[in-house]
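Visitor: What follows is input-v5.txt; its format and atoms are compact mmCIF, C-alpha atoms.
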# COMPACT_ATOMS: atom_id res chain seq x y z
CA MET A 1 11.09 110.02 186.44
CA LYS A 2 13.61 112.82 186.49
CA LYS A 3 16.36 113.52 184.02
CA LYS A 4 18.74 110.59 183.51
CA GLN A 5 21.83 111.38 181.44
CA MET A 6 23.02 108.41 179.38
CA HIS A 7 25.37 110.31 177.04
CA GLN A 8 26.30 113.95 176.62
CA THR A 9 23.36 115.80 175.06
CA THR A 10 22.44 119.41 174.45
CA PRO A 11 19.10 121.23 174.66
CA GLN A 12 19.41 121.77 170.90
CA GLN A 13 19.38 118.00 170.31
CA TRP A 14 16.06 117.75 172.13
CA LYS A 15 14.72 120.72 170.15
CA ASP A 16 15.85 119.32 166.77
CA ALA A 17 14.72 115.73 167.37
CA TYR A 18 11.55 114.32 165.83
CA SER A 19 8.86 114.03 168.49
CA ALA A 20 6.99 110.77 167.87
CA SER A 21 3.20 110.80 167.94
CA PRO A 22 1.08 107.69 167.61
CA ARG A 23 -1.45 106.83 164.97
CA ALA A 24 -4.57 105.08 166.17
CA TYR A 25 -6.04 102.12 164.29
CA GLU A 26 -9.39 100.60 165.26
CA ARG A 27 -9.57 96.83 165.10
CA ASN A 28 -12.64 94.78 164.19
CA ASP A 29 -13.27 94.05 167.89
CA GLY A 30 -13.39 97.79 168.66
CA THR A 31 -10.06 97.93 170.49
CA ILE A 32 -7.41 100.40 169.43
CA LEU A 33 -3.87 99.71 168.28
CA MET A 34 -1.55 102.68 168.77
CA GLY A 35 1.44 102.70 166.44
CA PHE A 36 4.58 104.81 166.44
CA ALA A 37 7.16 104.99 163.63
CA LEU A 38 10.93 105.04 164.24
CA THR A 39 12.79 106.14 161.12
CA GLU A 40 16.47 105.56 160.47
CA ASP A 41 18.97 108.44 160.57
CA THR A 42 16.68 110.60 162.73
CA ASP A 43 17.11 111.57 166.39
CA SER A 44 13.71 110.85 167.92
CA ILE A 45 11.84 111.51 171.16
CA PHE A 46 9.57 108.69 172.32
CA PRO A 47 7.50 108.39 175.48
CA ILE A 48 8.87 105.74 177.84
CA LEU A 49 5.37 104.73 178.93
CA PRO A 50 3.01 105.90 176.16
CA GLU A 51 -0.07 104.81 178.09
CA LYS A 52 0.66 107.61 180.58
CA GLN A 53 0.65 110.19 177.79
CA TRP A 54 -1.90 109.02 175.23
CA ALA A 55 -5.51 107.84 175.42
CA VAL A 56 -8.50 107.54 173.09
CA GLN A 57 -11.73 108.69 174.70
CA GLY A 58 -14.16 105.84 175.24
CA LYS A 59 -11.93 103.21 173.63
CA THR A 60 -9.68 100.49 175.00
CA ILE A 61 -6.13 100.61 173.72
CA GLY A 62 -5.34 96.95 173.27
CA GLU A 63 -1.83 97.21 171.89
CA TRP A 64 1.10 99.60 171.50
CA MET A 65 3.58 99.07 168.63
CA ILE A 66 6.72 100.62 167.19
CA THR A 67 7.34 100.21 163.47
CA MET A 68 10.95 100.59 162.29
CA VAL A 69 10.99 102.34 158.91
CA SER A 70 13.70 102.55 156.24
CA LEU A 71 14.11 105.57 154.00
CA SER A 72 17.60 104.84 152.65
CA ARG A 73 17.21 101.48 150.97
CA PRO A 74 15.87 101.35 147.42
CA GLN A 75 12.98 99.18 148.58
CA GLY A 76 12.41 101.46 151.62
CA GLY A 77 9.44 100.60 153.75
CA ILE A 78 8.98 98.68 156.96
CA ILE A 79 11.99 96.96 158.51
CA GLY A 80 9.82 95.36 161.19
CA GLN A 81 7.35 95.95 164.00
CA MET A 82 7.57 95.16 167.68
CA GLU A 83 5.45 95.51 170.80
CA TYR A 84 6.19 98.98 172.21
CA HIS A 85 7.66 98.08 175.62
CA GLN A 86 9.79 95.27 174.16
CA ALA A 87 11.10 97.70 171.54
CA MET A 88 11.95 100.31 174.18
CA GLU A 89 13.95 97.68 176.09
CA ARG A 90 15.87 96.80 172.93
CA LEU A 91 16.38 100.51 172.17
CA GLU A 92 17.97 101.15 175.59
CA PRO A 93 21.59 101.17 174.24
CA PHE A 94 20.57 103.87 171.73
CA ILE A 95 18.88 106.17 174.25
CA LEU A 96 20.98 109.29 174.80
CA GLU A 97 18.96 110.70 177.68
CA LYS A 98 15.71 110.23 179.59
CA ASN A 99 13.73 113.17 180.94
CA ASP A 100 10.48 112.58 182.82
CA ASN A 101 8.47 110.20 180.58
CA LEU A 102 10.53 110.90 177.44
CA ALA A 103 13.56 109.21 175.88
CA LEU A 104 15.85 110.85 173.31
CA ILE A 105 16.89 108.06 170.93
CA ARG A 106 19.90 108.76 168.75
CA ALA A 107 19.70 108.43 164.98
CA MET A 108 20.16 104.78 164.05
CA THR A 109 21.32 103.16 160.83
CA HIS A 110 19.25 100.69 158.84
CA GLU A 111 21.47 97.90 160.14
CA GLU A 112 21.00 98.98 163.77
CA LEU A 113 17.21 99.10 163.37
CA ALA A 114 17.20 95.67 161.71
CA GLY A 115 19.47 94.39 164.50
CA LEU A 116 16.73 95.10 167.04
CA PHE A 117 15.05 91.97 165.68
CA ASP A 118 17.98 89.65 166.37
CA HIS A 119 16.39 86.75 168.26
CA ALA A 120 12.96 88.41 168.08
CA ALA A 121 9.97 87.98 165.80
CA ARG A 122 9.12 90.67 163.28
CA ASP A 123 5.43 91.33 163.76
CA GLU A 124 3.89 91.69 160.32
CA SER A 125 0.25 91.92 161.46
CA PHE A 126 0.15 95.72 161.76
Kindly transcribe the structure held in the file into structure tokens.

Guide:
Amino acid sequence: MKKKQMHQTTPQQWKDAYSASPRAYERNDGTILMGFALTEDTDSIFPILPEKQWAVQGKTIGEWMITMVSLSRPQGGIIGQMEYHQAMERLEPFILEKNDNLALIRAMTHEELAGLFDHAARDESF
């Protein structure tokens, strides 16, 4: 996938953005859950297809998740969690630019992150 301009961006925006990296969690059945965090008010770079970029040697990755995290509300914490590819589809309006396997997602408000769950379940099993 080559560069796809969604909105006007600068190289500095890519440089300044948070580059998301997954955390691996081993489940009781030995499979791996890979989780990414998307935090409000932060431009972020996420892989479009994380399975092309990340692997755990000798382990099956059974699930990819994105957790939406609040830092601005007094209670803070998790806004919700969603299967990775479903979340990326819902994040499409907030993607400023795609380049190869990466998407630059603009900083989102708490309300915008919570709005991703309109008509969708908030996975709490993470």

Visitor: Please indicate the distance in Å from CA of Val56 in chain A to CA of Ala24 in chain A, rounded to one decimal place.

Guide: 8.3 Å

Visitor: Need the shell around Asn101 in chain A: protein/DNA/RNA residues with any atom at most 8 Å away, counting only C-alpha atoms. Skip same-chain ones fewer than 2 positions apart. Format as a PDB file with C-alpha atoms, in the frame of the given file?

Guide:
ATOM      1  CA  MET A   1      11.090 110.020 186.440  1.00  0.00           C
ATOM      2  CA  PRO A  47       7.500 108.390 175.480  1.00  0.00           C
ATOM      3  CA  ILE A  48       8.870 105.740 177.840  1.00  0.00           C
ATOM      4  CA  LEU A  49       5.370 104.730 178.930  1.00  0.00           C
ATOM      5  CA  LYS A  98      15.710 110.230 179.590  1.00  0.00           C
ATOM      6  CA  ASN A  99      13.730 113.170 180.940  1.00  0.00           C
ATOM      7  CA  ALA A 103      13.560 109.210 175.880  1.00  0.00           C
TER       8      ALA A 103
END

Visitor: Have a look at A:Ser70, A:Gln57, A:Leu113, A:Leu102 and name the one nearest to Arg90 in chain A; count all atoms listed in the file.

Guide: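 Among the listed residues, A:Leu113 lies closest to Arg90 in chain A.
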
Visitor: Expressed in Å to a single decimal, how great is the separation between CA of Gly80 in chain A and CA of Met34 in chain A?

Guide: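 About the pair CA of Gly80 in chain A and CA of Met34 in chain A: they are 15.5 Å apart.
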
Visitor: Hey, which of A:Ile45, A:Ile66, A:Ile61, A:Leu38 ends up closest to Gln13 in chain A? Count only C-alpha atoms.

Guide: A:Ile45

Visitor: Choose the residue, out of A:Lys15, A:Arg27, A:His110, A:His85, that has the smallest atom-to-atom separation from Gly62 in chain A; count all atoms listed in the file.

Guide: A:Arg27

Visitor: Just give me the gap between CA of Ser19 in chain A and CA of Asp118 in chain A in Å, one decimal is fine.

Guide: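 Between these atoms lies a distance of 26.1 Å.
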
Visitor: Using all atoms listed in the file, which of A:Gly58, A:Tyr25, A:Gly115, A:Met68 sits nearest Tyr84 in chain A?

Guide: A:Met68

Visitor: For Ile105 in chain A, work out the shell of residues within 10 Å, counting all atoms listed in the file and skipping chain neighbours fewer than 2 positions away, then give it as a VMD selection string.

Guide: chain A and resid 14 17 to 18 38 42 to 46 88 91 to 98 102 to 103 107 to 108

Visitor: Between A:Ala20, A:Ile32, A:Leu116, A:Ala37, single out the one closest to Val69 in chain A, counting all atoms listed in the file.

Guide: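 Among the listed residues, the smallest separation from Val69 in chain A belongs to A:Ala37.
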
Visitor: So which one's closest to Gln8 in chain A, A:Glu83, A:Phe117, A:Glu111, A:Leu104? Using only C-alpha atoms, please.

Guide: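 Of the candidates, the smallest distance to Gln8 in chain A is held by A:Leu104.
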